[in-house]
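> The structure follows.
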Amino acid sequence: MTGLAAFLRRKTALVALAMCLLVTGMAVFAPALSPADPNATDLAIRLENPSLRHPLGTDHLGRDILSRLMYGARVSLGSAAIIVALVLGLSLMVGLLAGYAGGPVDAALMRLCDVFLTFPTFILAMFMVGILGMGLTNVILAIVLTHWAWYARIIRGLTLSLKNREYVLAARAAGTPPVKLAARHILPGVFVQLIVLATLDIGHMMLHVSGLSFLGLGVRPPTPEWGVMINDARQYIATRPLLILYPGLMIFLTVMSFNLLGDALRDALDPALAGQPAESEAEAAPSSLRPEVGP
Amino acid sequence: MIRFIATRLALLVPILLAVSVVVFVMLRMGQGDPAMAYLRLSNIPPTDEALAVAREALGLNRPYVTQYLDWLGKALRGDFGISYVTKRPVLGELLYYLPATLYLAGVSLFFTLAGSLPLGIVAALKKDRLPDHVTRLFAYVGVSMPSFWLGFLLVYVFSVTLGWLPPMGRGGPAHVLMPAVSLALMSLCINIRLIRTSMLENMDHRFVLYARARGLSERTVVGGHVLRNSLIPVVTAVGMHLGELLGGAVVVESVFAWPGVGRFAVSAIFNRDYPVLQCFLLMMTAIFVTVNLAVDIVYAVIDPRIRIGAGEAG
């Protein structure tokens, strides 16, 4: 609780939290807030300047920009949420199993992680989308498959450091079955750090999704998505530069809010992760060295 | 030292083998029926008979292990198949586009290091004062900015409005400026934070206190003691940055119509040109792995602690 109190005392943390809530609210209430149907085309009013009817103007097909930006928040946040949930689920299973079981199971799972960590992530994700076919579902799947190994390794490291703590040993001596032991006694200890890491990573994942969509591999038009909107607007860069400015600004602000929130959460809840991580498990990838780079 | 390098090189073999298995499995998982693809591209009507003949010819009736070994054997000889679209060997096609991408990634890596070193050092030395705040704000902005958006912003300012720089294509040094800046900004900013954290941590060490106690000048303390130790994690990060720069290059190449492998690979995705995709992934992974191996070795040269630790373990 002290961690949460410290978190709420920080000004940047509050600003970041407010911005994240704002974008989330926009995503959730997009149908109620948006002034027009995001996909309604009207070539008679294409590339119009801002007006009362269309506060940010219209795009090359006469669609309302503001509405598309609002609906775009749904795709960005929605896919990021699904990716984080799937990555955490998959890596928790692998990480807890490897850390808890040890021995050959651990060795086999960690070598599998090594293989996935050998590829440059964005290129592997591209390859998977190419093989599986284009579309948002496959983009999500590809990003999950390229990211779970990082988390699995960290979770394994945390599990290893927790499993010989006295309270866990006591529970084990009392005859707690392994699954319950993992869920009740190890998982809570792992979870806080995991939430911090996931928050720090959400922005990075959003950049992956919008980058792949910008390339035309992810969200298919006409679905409003910020990366797609930038790609749509690129040919009007000389005449209508604002068309590129708006969606990029949305990506930028959303990613930055989540990065700030993640940093603030880390500082407040998990001082050990704050500078260079002083982890006993040298194998757990130091979070500051993780490639957080996106497209 | 030689033993260390030998151990690392030996470790490379099983990793690359595993990588090839993963790539093979994924290819077989998603590709659909290669025999069907083959027939479509050869303009043969896909009757059951023709499919059976094609399967036999492509070796698809053989056990997976045999197929894999055959594929691996060809790959080792540099035979990654023929592009469905250009009908030429894919390795040659990709090698044709590779220099442009390596050039872009190399210039970006240079910008990353040249920009992050002074900024990271200044931020650490002026901790909690104005230069630190400004640098950290810049770093926050930089890691959150999508490279393709930054690219278009630069094009708008420097090409459309000012007319100083060419908006696309490859040519003289002016052409590489905006793509490289767009690509580098993210790693540059990550590096700033890394250097700052690393320096601040080293400044707390006892050897720094001792150096100060000996009456050494601040310049000697910072330059000789703190900085040298702080650069060690930066060396490791270089390998990772390069991996991300290669990936990010795909997006930036699309923005600036830069004639690199990334653009070629994206068009291969649209054309379902699987041999190109497969070769692209393997090529990029090989570069990534090799650079990281080189980084590991440099790391061991400058930090004996690593070398000794790894020697004992291996």
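Going through the structure tokens in order, the chains are called A, B, and so on, while each chain numbers its residues from 1 and the ligands are numbered from 1 in the order shown.
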For stretch 99-105 of chain A, work out the shell of residues within 10 Å, counting only C-alpha atoms and skipping chain neighbours fewer than 5 positions away, then give it as a ChimeraX atom specification.
/A:94,110,152-164,178-179,181-182,186
> Would you kindly report the residues of chain B within 8 Å of chain A, using only C-alpha atoms, as number ranges by chain?
B: 15, 18-19, 26-27, 30-31, 140-141, 143-149, 152-153, 156, 160, 183, 186-187, 190, 194, 197-198, 201, 233, 237, 240-241, 243-244, 246-249, 251-252, 254, 266, 269-270, 272, 274, 277-278, 281, 284-285, 288-289
> Would you write out those residues with N, CA and C atoms, as a short mmCIF file (atom, residue, chain, number, x, y, z; two decimals), in the first residue's frame?

```cif
data_model
loop_
_atom_site.label_atom_id
_atom_site.label_comp_id
_atom_site.auth_asym_id
_atom_site.auth_seq_id
_atom_site.Cartn_x
_atom_site.Cartn_y
_atom_site.Cartn_z
N ILE B 15 22.35 -23.38 -31.75
CA ILE B 15 21.34 -22.30 -31.81
C ILE B 15 20.87 -22.09 -33.24
N ALA B 18 18.67 -24.94 -34.28
CA ALA B 18 17.32 -24.81 -33.72
C ALA B 18 16.53 -23.76 -34.46
N VAL B 19 17.21 -22.66 -34.80
CA VAL B 19 16.55 -21.60 -35.57
C VAL B 19 16.03 -22.16 -36.89
N MET B 26 7.59 -23.54 -39.13
CA MET B 26 6.64 -22.46 -39.41
C MET B 26 6.25 -22.42 -40.89
N LEU B 27 7.25 -22.65 -41.75
CA LEU B 27 6.97 -22.66 -43.19
C LEU B 27 5.94 -23.73 -43.52
N GLY B 30 2.15 -22.85 -42.08
CA GLY B 30 1.25 -21.83 -42.62
C GLY B 30 1.14 -21.82 -44.12
N GLN B 31 2.05 -22.46 -44.77
CA GLN B 31 2.19 -22.24 -46.20
C GLN B 31 1.03 -22.76 -47.02
N TYR B 140 12.31 10.62 -23.25
CA TYR B 140 10.93 10.14 -23.17
C TYR B 140 10.20 10.32 -24.48
N VAL B 141 10.36 11.50 -25.05
CA VAL B 141 9.72 11.79 -26.32
C VAL B 141 10.22 10.82 -27.39
N VAL B 143 11.58 7.75 -27.23
CA VAL B 143 11.21 6.33 -27.20
C VAL B 143 9.74 6.12 -27.52
N SER B 144 8.95 7.18 -27.49
CA SER B 144 7.52 7.00 -27.73
C SER B 144 7.11 7.36 -29.14
N MET B 145 8.07 7.85 -29.93
CA MET B 145 7.70 8.35 -31.24
C MET B 145 7.80 7.24 -32.30
N PRO B 146 6.70 7.00 -33.03
CA PRO B 146 6.78 5.99 -34.10
C PRO B 146 7.72 6.49 -35.20
N SER B 147 8.66 5.64 -35.62
CA SER B 147 9.66 6.10 -36.58
C SER B 147 9.04 6.56 -37.89
N PHE B 148 7.95 5.90 -38.31
CA PHE B 148 7.38 6.29 -39.60
C PHE B 148 6.75 7.67 -39.53
N TRP B 149 6.17 7.98 -38.36
CA TRP B 149 5.57 9.31 -38.20
C TRP B 149 6.67 10.37 -38.18
N PHE B 152 7.79 11.14 -41.63
CA PHE B 152 6.93 12.04 -42.40
C PHE B 152 7.03 13.47 -41.90
N LEU B 153 7.18 13.65 -40.58
CA LEU B 153 7.33 15.00 -40.05
C LEU B 153 8.59 15.64 -40.62
N TYR B 156 8.06 16.59 -44.17
CA TYR B 156 7.25 17.79 -44.31
C TYR B 156 8.10 19.05 -44.06
N VAL B 160 9.27 19.27 -47.97
CA VAL B 160 8.11 19.99 -48.52
C VAL B 160 8.24 21.49 -48.25
N LEU B 183 15.22 6.43 -37.99
CA LEU B 183 15.48 5.08 -37.50
C LEU B 183 16.24 5.11 -36.19
N MET B 186 14.90 6.21 -31.69
CA MET B 186 14.47 5.34 -30.60
C MET B 186 15.66 4.70 -29.87
N SER B 187 16.59 4.12 -30.60
CA SER B 187 17.74 3.50 -29.92
C SER B 187 18.60 4.55 -29.25
N ILE B 190 16.97 5.28 -25.93
CA ILE B 190 17.15 4.17 -25.00
C ILE B 190 18.58 4.18 -24.47
N LEU B 194 20.27 4.43 -20.71
CA LEU B 194 21.17 3.36 -20.27
C LEU B 194 22.49 3.94 -19.75
N THR B 197 21.91 5.87 -16.36
CA THR B 197 21.74 4.96 -15.23
C THR B 197 23.07 4.31 -14.86
N SER B 198 23.77 3.86 -15.88
CA SER B 198 25.01 3.14 -15.65
C SER B 198 26.06 4.04 -14.99
N GLU B 201 25.20 4.83 -11.35
CA GLU B 201 25.46 3.68 -10.50
C GLU B 201 26.95 3.56 -10.18
N PRO B 233 27.99 -1.85 -20.23
CA PRO B 233 26.63 -2.23 -20.66
C PRO B 233 26.24 -1.63 -22.02
N ALA B 237 24.51 -3.39 -25.36
CA ALA B 237 23.28 -2.85 -25.96
C ALA B 237 23.44 -2.66 -27.46
N MET B 240 21.95 -5.43 -29.45
CA MET B 240 20.49 -5.43 -29.46
C MET B 240 19.97 -4.29 -30.32
N HIS B 241 20.62 -3.12 -30.23
CA HIS B 241 20.18 -2.00 -31.05
C HIS B 241 20.22 -2.38 -32.52
N GLY B 243 19.87 -5.26 -33.92
CA GLY B 243 18.73 -6.11 -34.25
C GLY B 243 17.47 -5.29 -34.46
N GLU B 244 17.26 -4.33 -33.57
CA GLU B 244 16.06 -3.51 -33.69
C GLU B 244 16.17 -2.53 -34.86
N LEU B 246 17.66 -3.18 -37.67
CA LEU B 246 17.36 -3.95 -38.88
C LEU B 246 15.86 -4.12 -39.06
N GLY B 247 15.16 -4.39 -37.92
CA GLY B 247 13.71 -4.52 -37.98
C GLY B 247 13.05 -3.20 -38.31
N GLY B 248 13.49 -2.14 -37.61
CA GLY B 248 12.91 -0.82 -37.83
C GLY B 248 13.16 -0.32 -39.24
N ALA B 249 14.28 -0.77 -39.83
CA ALA B 249 14.63 -0.32 -41.18
C ALA B 249 13.51 -0.65 -42.17
N VAL B 251 10.32 -0.51 -41.79
CA VAL B 251 9.31 0.53 -41.77
C VAL B 251 9.84 1.82 -42.38
N VAL B 252 11.06 2.20 -41.98
CA VAL B 252 11.64 3.46 -42.48
C VAL B 252 11.88 3.39 -43.98
N SER B 254 10.08 1.91 -46.06
CA SER B 254 8.80 2.13 -46.72
C SER B 254 8.47 3.61 -46.79
N VAL B 266 8.61 -6.80 -47.69
CA VAL B 266 7.20 -6.44 -47.56
C VAL B 266 6.44 -6.78 -48.84
N ILE B 269 5.68 -10.35 -48.89
CA ILE B 269 4.53 -10.76 -48.08
C ILE B 269 3.25 -10.60 -48.90
N PHE B 270 3.14 -9.47 -49.60
CA PHE B 270 1.94 -9.24 -50.42
C PHE B 270 1.82 -10.26 -51.54
N ARG B 272 2.95 -13.31 -51.42
CA ARG B 272 3.08 -14.66 -50.85
C ARG B 272 4.30 -15.38 -51.44
N TYR B 274 7.04 -17.02 -50.52
CA TYR B 274 7.60 -17.63 -49.30
C TYR B 274 9.11 -17.82 -49.31
N LEU B 277 10.74 -14.66 -48.16
CA LEU B 277 10.51 -14.39 -46.74
C LEU B 277 11.43 -15.22 -45.85
N GLN B 278 11.51 -16.48 -46.20
CA GLN B 278 12.31 -17.41 -45.42
C GLN B 278 13.78 -17.00 -45.44
N LEU B 281 14.33 -13.79 -43.34
CA LEU B 281 14.40 -14.03 -41.90
C LEU B 281 15.75 -14.65 -41.51
N MET B 284 18.66 -12.03 -41.83
CA MET B 284 18.66 -11.02 -40.77
C MET B 284 19.06 -11.65 -39.44
N THR B 285 18.57 -12.87 -39.19
CA THR B 285 18.93 -13.54 -37.95
C THR B 285 20.42 -13.84 -37.92
N PHE B 288 22.22 -10.67 -37.12
CA PHE B 288 21.97 -10.34 -35.72
C PHE B 288 22.83 -11.21 -34.79
N VAL B 289 22.84 -12.51 -35.06
CA VAL B 289 23.60 -13.44 -34.23
C VAL B 289 25.10 -13.16 -34.32
#
```
> Among stretch 1-112 of chain A, which ones does DSSP place in helix (DSSP H, G or I), written as a ChimeraX atom specification?
/A:2-9,11-28,30-33,43-45,65-101,103-112
> Would you list the contacts of B:Ile192 as number ranges by chain, taking every protein, DNA or RNA residue within 8 Å and counting only C-alpha atoms, but skipping same-chain residues closer than 6 positions in sequence?
B: 116-117, 119-120, 139
> Report the distance between atom CA of B:Asn271 and atom CA of A:Ala142 in Å, rounded to one decimal place.
19.0 Å
